[in-house]
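Note: the block below is work.txt and it holds compact mmCIF, N, CA and C atoms.
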# COMPACT_ATOMS: atom_id res chain seq x y z
N MET A 228 -229.81 24.83 -20.43
CA MET A 228 -228.96 25.27 -21.51
C MET A 228 -229.15 26.77 -21.70
N THR A 229 -228.07 27.51 -21.88
CA THR A 229 -228.14 28.96 -22.09
C THR A 229 -227.74 29.28 -23.53
N TYR A 230 -228.43 30.25 -24.06
CA TYR A 230 -228.14 30.71 -25.41
C TYR A 230 -227.64 32.13 -25.36
N GLN A 231 -226.71 32.42 -26.20
CA GLN A 231 -226.25 33.79 -26.32
C GLN A 231 -226.57 34.26 -27.73
N PHE A 232 -227.09 35.44 -27.84
CA PHE A 232 -227.45 36.01 -29.13
C PHE A 232 -226.52 37.16 -29.45
N ALA A 233 -225.99 37.13 -30.62
CA ALA A 233 -225.14 38.24 -31.07
C ALA A 233 -226.02 39.44 -31.33
N SER A 234 -225.52 40.58 -31.00
CA SER A 234 -226.27 41.80 -31.27
C SER A 234 -226.31 42.05 -32.76
N LEU A 235 -227.49 42.32 -33.29
CA LEU A 235 -227.63 42.60 -34.72
C LEU A 235 -227.28 44.03 -35.04
N SER A 236 -227.25 44.89 -34.04
CA SER A 236 -226.96 46.29 -34.35
C SER A 236 -225.47 46.53 -34.22
N THR A 237 -224.87 47.00 -35.29
CA THR A 237 -223.44 47.28 -35.29
C THR A 237 -223.18 48.77 -35.38
N GLY A 238 -224.19 49.56 -35.21
CA GLY A 238 -224.04 51.01 -35.28
C GLY A 238 -225.31 51.66 -34.78
N SER A 239 -225.35 52.97 -34.90
CA SER A 239 -226.54 53.69 -34.46
C SER A 239 -227.70 53.42 -35.41
N ALA A 240 -228.89 53.77 -34.98
CA ALA A 240 -230.08 53.58 -35.83
C ALA A 240 -229.94 54.38 -37.12
N ALA A 241 -229.38 55.59 -37.04
CA ALA A 241 -229.20 56.41 -38.24
C ALA A 241 -228.22 55.76 -39.20
N ASP A 242 -227.15 55.16 -38.68
CA ASP A 242 -226.18 54.46 -39.54
C ASP A 242 -226.84 53.30 -40.25
N ARG A 243 -227.63 52.51 -39.52
CA ARG A 243 -228.31 51.36 -40.14
C ARG A 243 -229.29 51.83 -41.19
N ARG A 244 -230.04 52.91 -40.90
CA ARG A 244 -231.01 53.42 -41.86
C ARG A 244 -230.30 53.88 -43.12
N ASN A 245 -229.21 54.63 -42.97
CA ASN A 245 -228.47 55.11 -44.13
C ASN A 245 -227.89 53.97 -44.94
N ALA A 246 -227.49 52.89 -44.29
CA ALA A 246 -226.93 51.75 -45.00
C ALA A 246 -228.00 51.08 -45.86
N ASP A 247 -229.26 51.24 -45.49
CA ASP A 247 -230.35 50.61 -46.22
C ASP A 247 -230.87 51.48 -47.36
N ARG A 248 -230.22 52.58 -47.63
CA ARG A 248 -230.65 53.50 -48.70
C ARG A 248 -229.85 53.23 -49.97
N ASP A 249 -230.50 53.44 -51.10
CA ASP A 249 -229.83 53.32 -52.39
C ASP A 249 -229.68 54.71 -52.98
N GLU A 250 -228.47 55.05 -53.38
CA GLU A 250 -228.21 56.36 -53.96
C GLU A 250 -228.79 56.42 -55.37
N VAL A 251 -229.52 57.47 -55.66
CA VAL A 251 -230.09 57.69 -56.99
C VAL A 251 -229.97 59.18 -57.30
N HIS A 252 -230.32 59.54 -58.49
CA HIS A 252 -230.34 60.95 -58.90
C HIS A 252 -231.48 61.04 -59.91
N TYR A 253 -232.69 61.29 -59.40
CA TYR A 253 -233.89 61.17 -60.24
C TYR A 253 -234.82 62.35 -60.01
N ARG A 254 -235.18 63.01 -61.08
CA ARG A 254 -236.13 64.13 -60.99
C ARG A 254 -237.56 63.58 -61.00
N ALA A 255 -238.36 64.06 -60.06
CA ALA A 255 -239.74 63.59 -59.94
C ALA A 255 -240.64 64.77 -59.57
N LYS A 256 -241.92 64.48 -59.51
CA LYS A 256 -242.92 65.48 -59.11
C LYS A 256 -243.52 65.08 -57.77
N LEU A 257 -243.72 66.08 -56.94
CA LEU A 257 -244.34 65.88 -55.65
C LEU A 257 -245.52 66.84 -55.57
N PHE A 258 -246.65 66.35 -55.08
CA PHE A 258 -247.83 67.19 -54.86
C PHE A 258 -247.95 67.42 -53.36
N GLY A 259 -247.89 68.69 -52.96
CA GLY A 259 -247.91 69.04 -51.55
C GLY A 259 -249.29 68.97 -50.93
N PRO A 260 -249.37 69.35 -49.65
CA PRO A 260 -250.65 69.31 -48.93
C PRO A 260 -251.73 70.17 -49.60
N ASP A 261 -251.29 71.20 -50.32
CA ASP A 261 -252.24 72.08 -51.01
C ASP A 261 -252.50 71.62 -52.44
N ALA A 262 -251.99 70.44 -52.82
CA ALA A 262 -252.15 69.82 -54.14
C ALA A 262 -251.34 70.53 -55.23
N ARG A 263 -250.49 71.49 -54.84
CA ARG A 263 -249.63 72.14 -55.83
C ARG A 263 -248.47 71.22 -56.18
N ARG A 264 -248.06 71.28 -57.44
CA ARG A 264 -246.97 70.43 -57.94
C ARG A 264 -245.62 71.09 -57.69
N HIS A 265 -244.66 70.29 -57.26
CA HIS A 265 -243.30 70.76 -57.00
C HIS A 265 -242.32 69.79 -57.64
N ALA A 266 -241.23 70.33 -58.20
CA ALA A 266 -240.16 69.49 -58.73
C ALA A 266 -239.24 69.11 -57.58
N ILE A 267 -238.85 67.83 -57.55
CA ILE A 267 -237.90 67.36 -56.54
C ILE A 267 -236.81 66.56 -57.24
N LEU A 268 -235.70 66.42 -56.55
CA LEU A 268 -234.61 65.56 -57.01
C LEU A 268 -234.40 64.51 -55.93
N ILE A 269 -234.76 63.27 -56.24
CA ILE A 269 -234.60 62.17 -55.28
C ILE A 269 -233.12 61.80 -55.26
N VAL A 270 -232.51 61.80 -54.08
CA VAL A 270 -231.09 61.49 -53.98
C VAL A 270 -230.81 60.13 -53.32
N ASN A 271 -231.75 59.63 -52.53
CA ASN A 271 -231.63 58.25 -52.07
C ASN A 271 -233.01 57.71 -51.74
N ALA A 272 -233.11 56.39 -51.77
CA ALA A 272 -234.43 55.78 -51.59
C ALA A 272 -234.29 54.43 -50.91
N SER A 273 -235.39 53.98 -50.37
CA SER A 273 -235.53 52.63 -49.82
C SER A 273 -236.98 52.23 -50.07
N PRO A 274 -237.34 50.99 -49.81
CA PRO A 274 -238.75 50.61 -49.99
C PRO A 274 -239.69 51.39 -49.07
N HIS A 275 -239.16 52.01 -48.01
CA HIS A 275 -240.00 52.69 -47.02
C HIS A 275 -240.04 54.20 -47.16
N GLY A 276 -239.13 54.76 -47.96
CA GLY A 276 -239.10 56.21 -48.07
C GLY A 276 -237.96 56.70 -48.92
N MET A 277 -237.67 57.99 -48.79
CA MET A 277 -236.62 58.58 -49.61
C MET A 277 -236.19 59.92 -49.03
N MET A 278 -235.07 60.40 -49.55
CA MET A 278 -234.64 61.76 -49.27
C MET A 278 -234.57 62.47 -50.61
N ALA A 279 -235.01 63.73 -50.63
CA ALA A 279 -235.02 64.50 -51.87
C ALA A 279 -234.63 65.93 -51.60
N ARG A 280 -234.17 66.58 -52.64
CA ARG A 280 -233.90 68.02 -52.59
C ARG A 280 -235.10 68.72 -53.23
N CYS A 281 -235.50 69.84 -52.64
CA CYS A 281 -236.60 70.60 -53.21
C CYS A 281 -236.50 72.05 -52.76
N GLU A 282 -237.09 72.94 -53.52
CA GLU A 282 -237.05 74.35 -53.18
C GLU A 282 -238.16 74.76 -52.23
N GLN A 283 -239.20 73.98 -52.16
CA GLN A 283 -240.35 74.28 -51.30
C GLN A 283 -240.06 73.87 -49.86
N ASP A 284 -240.48 74.69 -48.91
CA ASP A 284 -240.37 74.33 -47.50
C ASP A 284 -241.59 73.51 -47.10
N PHE A 285 -241.35 72.38 -46.48
CA PHE A 285 -242.43 71.54 -45.96
C PHE A 285 -242.23 71.39 -44.46
N ALA A 286 -243.31 71.11 -43.76
CA ALA A 286 -243.26 70.90 -42.32
C ALA A 286 -243.34 69.41 -42.00
N GLN A 287 -242.73 69.05 -40.90
CA GLN A 287 -242.83 67.67 -40.45
C GLN A 287 -244.31 67.32 -40.30
N GLY A 288 -244.71 66.19 -40.84
CA GLY A 288 -246.10 65.76 -40.76
C GLY A 288 -246.93 66.12 -41.98
N ASP A 289 -246.42 66.97 -42.86
CA ASP A 289 -247.16 67.30 -44.08
C ASP A 289 -247.41 66.04 -44.90
N ARG A 290 -248.60 65.96 -45.45
CA ARG A 290 -248.97 64.82 -46.30
C ARG A 290 -248.69 65.22 -47.75
N VAL A 291 -248.02 64.33 -48.49
CA VAL A 291 -247.67 64.60 -49.89
C VAL A 291 -247.93 63.35 -50.73
N ARG A 292 -247.90 63.56 -52.04
CA ARG A 292 -247.99 62.45 -53.00
C ARG A 292 -246.83 62.61 -53.96
N ILE A 293 -246.12 61.52 -54.22
CA ILE A 293 -244.95 61.56 -55.09
C ILE A 293 -245.21 60.67 -56.29
N MET A 294 -244.93 61.22 -57.48
CA MET A 294 -245.09 60.45 -58.72
C MET A 294 -243.80 59.70 -58.98
N LEU A 295 -243.88 58.37 -58.95
CA LEU A 295 -242.71 57.53 -59.14
C LEU A 295 -242.91 56.59 -60.34
N PRO A 296 -241.84 56.30 -61.06
CA PRO A 296 -241.97 55.32 -62.13
C PRO A 296 -242.28 53.96 -61.51
N VAL A 297 -242.87 53.09 -62.26
CA VAL A 297 -243.20 51.71 -61.87
C VAL A 297 -244.34 51.65 -60.86
N VAL A 298 -244.23 52.36 -59.72
CA VAL A 298 -245.25 52.24 -58.67
C VAL A 298 -246.35 53.28 -58.76
N GLY A 299 -246.14 54.34 -59.52
CA GLY A 299 -247.17 55.37 -59.67
C GLY A 299 -247.16 56.36 -58.52
N VAL A 300 -248.34 56.72 -58.04
CA VAL A 300 -248.47 57.71 -56.98
C VAL A 300 -248.18 57.04 -55.63
N ALA A 301 -247.25 57.65 -54.88
CA ALA A 301 -246.90 57.13 -53.56
C ALA A 301 -247.31 58.16 -52.51
N PRO A 302 -248.42 57.93 -51.79
CA PRO A 302 -248.78 58.81 -50.69
C PRO A 302 -247.73 58.68 -49.58
N ALA A 303 -247.39 59.81 -48.96
CA ALA A 303 -246.31 59.78 -47.98
C ALA A 303 -246.46 60.91 -46.97
N THR A 304 -245.61 60.87 -45.94
CA THR A 304 -245.56 61.89 -44.90
C THR A 304 -244.15 62.45 -44.83
N ILE A 305 -244.05 63.76 -44.72
CA ILE A 305 -242.75 64.40 -44.53
C ILE A 305 -242.30 64.10 -43.09
N ARG A 306 -241.13 63.49 -42.94
CA ARG A 306 -240.60 63.18 -41.61
C ARG A 306 -239.70 64.29 -41.11
N TRP A 307 -238.99 64.95 -42.03
CA TRP A 307 -238.13 66.07 -41.67
C TRP A 307 -237.88 66.94 -42.89
N SER A 308 -237.53 68.19 -42.66
CA SER A 308 -237.24 69.14 -43.72
C SER A 308 -236.13 70.05 -43.21
N LEU A 309 -235.04 70.15 -43.98
CA LEU A 309 -233.91 70.93 -43.51
C LEU A 309 -233.07 71.40 -44.69
N GLY A 310 -232.91 72.70 -44.84
CA GLY A 310 -232.00 73.26 -45.83
C GLY A 310 -232.20 72.79 -47.25
N GLY A 311 -233.45 72.75 -47.70
CA GLY A 311 -233.72 72.34 -49.08
C GLY A 311 -233.75 70.85 -49.29
N ARG A 312 -233.77 70.08 -48.19
CA ARG A 312 -233.88 68.62 -48.28
C ARG A 312 -235.07 68.16 -47.45
N ILE A 313 -235.67 67.06 -47.88
CA ILE A 313 -236.78 66.48 -47.13
C ILE A 313 -236.58 64.98 -46.99
N GLY A 314 -237.03 64.46 -45.88
CA GLY A 314 -237.10 63.02 -45.65
C GLY A 314 -238.55 62.62 -45.69
N VAL A 315 -238.86 61.59 -46.46
CA VAL A 315 -240.24 61.19 -46.70
C VAL A 315 -240.43 59.72 -46.34
N HIS A 316 -241.52 59.42 -45.66
CA HIS A 316 -241.88 58.03 -45.34
C HIS A 316 -243.14 57.67 -46.11
N PHE A 317 -243.05 56.61 -46.94
CA PHE A 317 -244.20 56.17 -47.71
C PHE A 317 -245.25 55.56 -46.79
N ASP A 318 -246.53 55.79 -47.10
CA ASP A 318 -247.62 55.20 -46.32
C ASP A 318 -247.55 53.68 -46.36
N THR A 319 -247.26 53.14 -47.53
CA THR A 319 -247.14 51.70 -47.73
C THR A 319 -245.79 51.42 -48.37
N ALA A 320 -245.04 50.51 -47.78
CA ALA A 320 -243.73 50.17 -48.34
C ALA A 320 -243.90 49.58 -49.74
N VAL A 321 -242.94 49.87 -50.59
CA VAL A 321 -242.94 49.32 -51.95
C VAL A 321 -242.45 47.88 -51.86
N ASP A 322 -243.18 46.94 -52.45
CA ASP A 322 -242.75 45.54 -52.41
C ASP A 322 -241.40 45.43 -53.12
N LEU A 323 -240.58 44.45 -52.72
CA LEU A 323 -239.20 44.37 -53.20
C LEU A 323 -239.08 44.22 -54.71
N ALA A 324 -239.92 43.41 -55.33
CA ALA A 324 -239.84 43.24 -56.78
C ALA A 324 -240.07 44.59 -57.48
N SER A 325 -241.08 45.31 -57.06
CA SER A 325 -241.35 46.63 -57.64
C SER A 325 -240.25 47.62 -57.30
N TYR A 326 -239.71 47.51 -56.08
CA TYR A 326 -238.65 48.43 -55.67
C TYR A 326 -237.41 48.27 -56.55
N TYR A 327 -237.01 47.04 -56.83
CA TYR A 327 -235.83 46.82 -57.67
C TYR A 327 -236.07 47.32 -59.10
N GLU A 328 -237.28 47.15 -59.59
CA GLU A 328 -237.62 47.69 -60.91
C GLU A 328 -237.62 49.23 -60.87
N LEU A 329 -238.14 49.80 -59.80
CA LEU A 329 -238.13 51.25 -59.60
C LEU A 329 -236.70 51.78 -59.59
N LEU A 330 -235.83 51.13 -58.83
CA LEU A 330 -234.42 51.54 -58.78
C LEU A 330 -233.77 51.49 -60.16
N ALA A 331 -233.98 50.40 -60.86
CA ALA A 331 -233.40 50.26 -62.20
C ALA A 331 -233.86 51.38 -63.11
N THR A 332 -235.13 51.72 -63.06
CA THR A 332 -235.68 52.79 -63.89
C THR A 332 -235.10 54.15 -63.49
N MET A 333 -235.02 54.41 -62.19
CA MET A 333 -234.49 55.69 -61.73
C MET A 333 -233.00 55.83 -62.07
N MET A 334 -232.25 54.77 -61.98
CA MET A 334 -230.82 54.84 -62.30
C MET A 334 -230.58 54.98 -63.80
N LYS A 335 -231.45 54.40 -64.59
CA LYS A 335 -231.32 54.49 -66.04
C LYS A 335 -231.62 55.91 -66.52
N GLN A 336 -232.63 56.54 -65.91
CA GLN A 336 -233.08 57.86 -66.36
C GLN A 336 -232.43 58.99 -65.58
N GLY A 337 -231.74 58.66 -64.51
CA GLY A 337 -231.18 59.68 -63.64
C GLY A 337 -229.98 60.39 -64.14

Let me see the file written as structure tokens.
Amino acid sequence: MTYQFASLSTGSAADRRNADRDEVHYRAKLFGPDARRHAILIVNASPHGMMARCEQDFAQGDRVRIMLPVVGVAPATIRWSLGGRIGVHFDTAVDLASYYELLATMMKQG
């Protein structure tokens, strides 16, 4: 007997990643590799990371800490930085229950 599996990917990896993001508009604090505090504006998020606008230039691989409602301090790594925007990957994914509460809080205050 032969089985055929439908392809789960219906677009590029970037398209799938973007589809998994939730749009937000939330001001937060980020502590850079030098422990200095920076203001950021989170524009989209997922349980695994986020994209934010910031005035500080960061390098790929920089280690940062982000202050988030509900989950507290989220240690993370800068994945990319371009034109006042950064992509951040959390060290530990936010569990879904906490993530939905985080989203609700960010959307309410955003």

Of the residues A:Ala331, A:Ala303, A:Met278, A:Ile293, which is the one nearest to A:Phe317, using only C-alpha atoms?
A:Ala303

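Near A:Leu323, within 8 Å and counting only N, CA and C atoms, sit Pro274, Glu328 and Leu329 of chain A; same-chain residues fewer than 5 positions away were not included.
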
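In this comparison, which uses all atoms listed in the file, the residue of A:Arg290, A:His316, A:Lys256, A:Arg248 approaching A:Gly276 most closely is A:His316.
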
Residue with smallest distance to A:Gln283 - pool A:Leu330, A:Leu309, A:Val321, A:Val298, counting only C-alpha atoms
A:Leu309

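Considering only chain A, backbone DSSP assigns alpha helix (DSSP H) to Ala240, Ala241, Asp242, Arg243, Arg244, Asn245, Ala246, Leu323, Ala324, Ser325, Tyr326, Tyr327, Glu328, Leu329, Leu330, Ala331, Thr332, Met333, Met334, Lys335 and Gln336 of chain A.
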
Quick one: pull the distance between atom CA of A:Arg264 and atom C of A:Pro302, Å, one decimal.
14.4 Å

If you count all atoms listed in the file, which residues fall within 7 Å of A:Asp289, apart from same-chain ones fewer than 2 positions away, as a list in words?
Gly259, Pro260, Phe285, Ala286, Gln287, Val291, Ala303, Thr304, Ile305 and Arg306 of chain A

Residue nearest A:Ser325 - candidates A:Ala272, A:Ala279, A:Leu257, A:Val297, atoms counted: only C-alpha atoms
A:Val297

Provide stretch 256-297 of chain A of the preceding structure as a file containing N, CA and C atoms, as an mmCIF file, in the first residue's frame.
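Resulting contents of selection15.cif:
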data_model
loop_
_atom_site.group_PDB
_atom_site.id
_atom_site.type_symbol
_atom_site.label_atom_id
_atom_site.label_comp_id
_atom_site.auth_asym_id
_atom_site.auth_seq_id
_atom_site.Cartn_x
_atom_site.Cartn_y
_atom_site.Cartn_z
ATOM 1 N N LYS A 256 10.678 47.869 27.275
ATOM 2 C CA LYS A 256 12.087 48.166 27.556
ATOM 3 C C LYS A 256 12.932 46.951 27.195
ATOM 4 N N LEU A 257 14.079 47.250 26.613
ATOM 5 C CA LEU A 257 15.036 46.216 26.260
ATOM 6 C C LEU A 257 16.361 46.598 26.905
ATOM 7 N N PHE A 258 17.033 45.627 27.490
ATOM 8 C CA PHE A 258 18.363 45.835 28.061
ATOM 9 C C PHE A 258 19.367 45.173 27.125
ATOM 10 N N GLY A 259 20.279 45.980 26.588
ATOM 11 C CA GLY A 259 21.247 45.497 25.611
ATOM 12 C C GLY A 259 22.381 44.711 26.231
ATOM 13 N N PRO A 260 23.339 44.304 25.383
ATOM 14 C CA PRO A 260 24.477 43.522 25.860
ATOM 15 C C PRO A 260 25.293 44.255 26.926
ATOM 16 N N ASP A 261 25.239 45.589 26.892
ATOM 17 C CA ASP A 261 25.974 46.387 27.879
ATOM 18 C C ASP A 261 25.108 46.721 29.095
ATOM 19 N N ALA A 262 23.909 46.128 29.186
ATOM 20 C CA ALA A 262 22.949 46.306 30.279
ATOM 21 C C ALA A 262 22.281 47.683 30.271
ATOM 22 N N ARG A 263 22.522 48.476 29.219
ATOM 23 C CA ARG A 263 21.841 49.766 29.117
ATOM 24 C C ARG A 263 20.400 49.560 28.664
ATOM 25 N N ARG A 264 19.518 50.403 29.178
ATOM 26 C CA ARG A 264 18.086 50.306 28.864
ATOM 27 C C ARG A 264 17.770 51.079 27.592
ATOM 28 N N HIS A 265 16.940 50.487 26.746
ATOM 29 C CA HIS A 265 16.505 51.106 25.501
ATOM 30 C C HIS A 265 14.996 50.959 25.370
ATOM 31 N N ALA A 266 14.345 52.000 24.846
ATOM 32 C CA ALA A 266 12.916 51.930 24.564
ATOM 33 C C ALA A 266 12.728 51.268 23.202
ATOM 34 N N ILE A 267 11.766 50.349 23.129
ATOM 35 C CA ILE A 267 11.441 49.705 21.857
ATOM 36 C C ILE A 267 9.929 49.750 21.657
ATOM 37 N N LEU A 268 9.522 49.588 20.421
ATOM 38 C CA LEU A 268 8.113 49.463 20.079
ATOM 39 C C LEU A 268 7.938 48.108 19.411
ATOM 40 N N ILE A 269 7.282 47.186 20.101
ATOM 41 C CA ILE A 269 7.051 45.849 19.555
ATOM 42 C C ILE A 269 5.930 45.966 18.526
ATOM 43 N N VAL A 270 6.183 45.500 17.304
ATOM 44 C CA VAL A 270 5.174 45.601 16.252
ATOM 45 C C VAL A 270 4.562 44.255 15.864
ATOM 46 N N ASN A 271 5.266 43.165 16.126
ATOM 47 C CA ASN A 271 4.643 41.854 15.987
ATOM 48 C C ASN A 271 5.349 40.860 16.883
ATOM 49 N N ALA A 272 4.631 39.799 17.219
ATOM 50 C CA ALA A 272 5.179 38.838 18.178
ATOM 51 C C ALA A 272 4.671 37.440 17.879
ATOM 52 N N SER A 273 5.379 36.478 18.405
ATOM 53 C CA SER A 273 4.976 35.073 18.397
ATOM 54 C C SER A 273 5.503 34.478 19.697
ATOM 55 N N PRO A 274 5.141 33.251 20.015
ATOM 56 C CA PRO A 274 5.700 32.648 21.230
ATOM 57 C C PRO A 274 7.220 32.499 21.181
ATOM 58 N N HIS A 275 7.814 32.568 19.983
ATOM 59 C CA HIS A 275 9.249 32.341 19.822
ATOM 60 C C HIS A 275 10.083 33.603 19.669
ATOM 61 N N GLY A 276 9.419 34.737 19.427
ATOM 62 C CA GLY A 276 10.188 35.953 19.216
ATOM 63 C C GLY A 276 9.310 37.125 18.844
ATOM 64 N N MET A 277 9.954 38.163 18.308
ATOM 65 C CA MET A 277 9.216 39.374 17.977
ATOM 66 C C MET A 277 10.032 40.244 17.038
ATOM 67 N N MET A 278 9.347 41.225 16.462
ATOM 68 C CA MET A 278 10.020 42.276 15.721
ATOM 69 C C MET A 278 9.686 43.579 16.421
ATOM 70 N N ALA A 279 10.675 44.460 16.526
ATOM 71 C CA ALA A 279 10.468 45.736 17.206
ATOM 72 C C ALA A 279 11.204 46.840 16.476
ATOM 73 N N ARG A 280 10.749 48.041 16.708
ATOM 74 C CA ARG A 280 11.444 49.236 16.221
ATOM 75 C C ARG A 280 12.249 49.792 17.389
ATOM 76 N N CYS A 281 13.462 50.252 17.092
ATOM 77 C CA CYS A 281 14.283 50.848 18.137
ATOM 78 C C CYS A 281 15.300 51.786 17.497
ATOM 79 N N GLU A 282 15.782 52.726 18.270
ATOM 80 C CA GLU A 282 16.756 53.680 17.760
ATOM 81 C C GLU A 282 18.186 53.174 17.872
ATOM 82 N N GLN A 283 18.411 52.219 18.732
ATOM 83 C CA GLN A 283 19.750 51.667 18.956
ATOM 84 C C GLN A 283 20.094 50.648 17.869
ATOM 85 N N ASP A 284 21.339 50.669 17.410
ATOM 86 C CA ASP A 284 21.804 49.652 16.470
ATOM 87 C C ASP A 284 22.289 48.443 17.256
ATOM 88 N N PHE A 285 21.815 47.281 16.883
ATOM 89 C CA PHE A 285 22.269 46.029 17.479
ATOM 90 C C PHE A 285 22.856 45.160 16.381
ATOM 91 N N ALA A 286 23.730 44.252 16.761
ATOM 92 C CA ALA A 286 24.337 43.326 15.815
ATOM 93 C C ALA A 286 23.690 41.951 15.942
ATOM 94 N N GLN A 287 23.682 41.248 14.837
ATOM 95 C CA GLN A 287 23.184 39.875 14.865
ATOM 96 C C GLN A 287 23.976 39.103 15.914
ATOM 97 N N GLY A 288 23.279 38.379 16.767
ATOM 98 C CA GLY A 288 23.929 37.599 17.817
ATOM 99 C C GLY A 288 24.009 38.300 19.155
ATOM 100 N N ASP A 289 23.721 39.602 19.201
ATOM 101 C CA ASP A 289 23.723 40.311 20.486
ATOM 102 C C ASP A 289 22.710 39.681 21.437
ATOM 103 N N ARG A 290 23.111 39.565 22.684
ATOM 104 C CA ARG A 290 22.221 39.022 23.722
ATOM 105 C C ARG A 290 21.517 40.194 24.394
ATOM 106 N N VAL A 291 20.192 40.084 24.552
ATOM 107 C CA VAL A 291 19.390 41.146 25.157
ATOM 108 C C VAL A 291 18.385 40.537 26.130
ATOM 109 N N ARG A 292 17.789 41.415 26.933
ATOM 110 C CA ARG A 292 16.696 41.031 27.831
ATOM 111 C C ARG A 292 15.560 42.006 27.577
ATOM 112 N N ILE A 293 14.354 41.477 27.423
ATOM 113 C CA ILE A 293 13.194 42.308 27.128
ATOM 114 C C ILE A 293 12.203 42.184 28.271
ATOM 115 N N MET A 294 11.720 43.330 28.743
ATOM 116 C CA MET A 294 10.717 43.349 29.813
ATOM 117 C C MET A 294 9.342 43.259 29.174
ATOM 118 N N LEU A 295 8.636 42.166 29.454
ATOM 119 C CA LEU A 295 7.321 41.937 28.879
ATOM 120 C C LEU A 295 6.269 41.780 29.978
ATOM 121 N N PRO A 296 5.049 42.247 29.718
ATOM 122 C CA PRO A 296 3.993 42.001 30.690
ATOM 123 C C PRO A 296 3.727 40.498 30.762
ATOM 124 N N VAL A 297 3.185 40.047 31.845
ATOM 125 C CA VAL A 297 2.792 38.650 32.083
ATOM 126 C C VAL A 297 3.998 37.734 32.262
#
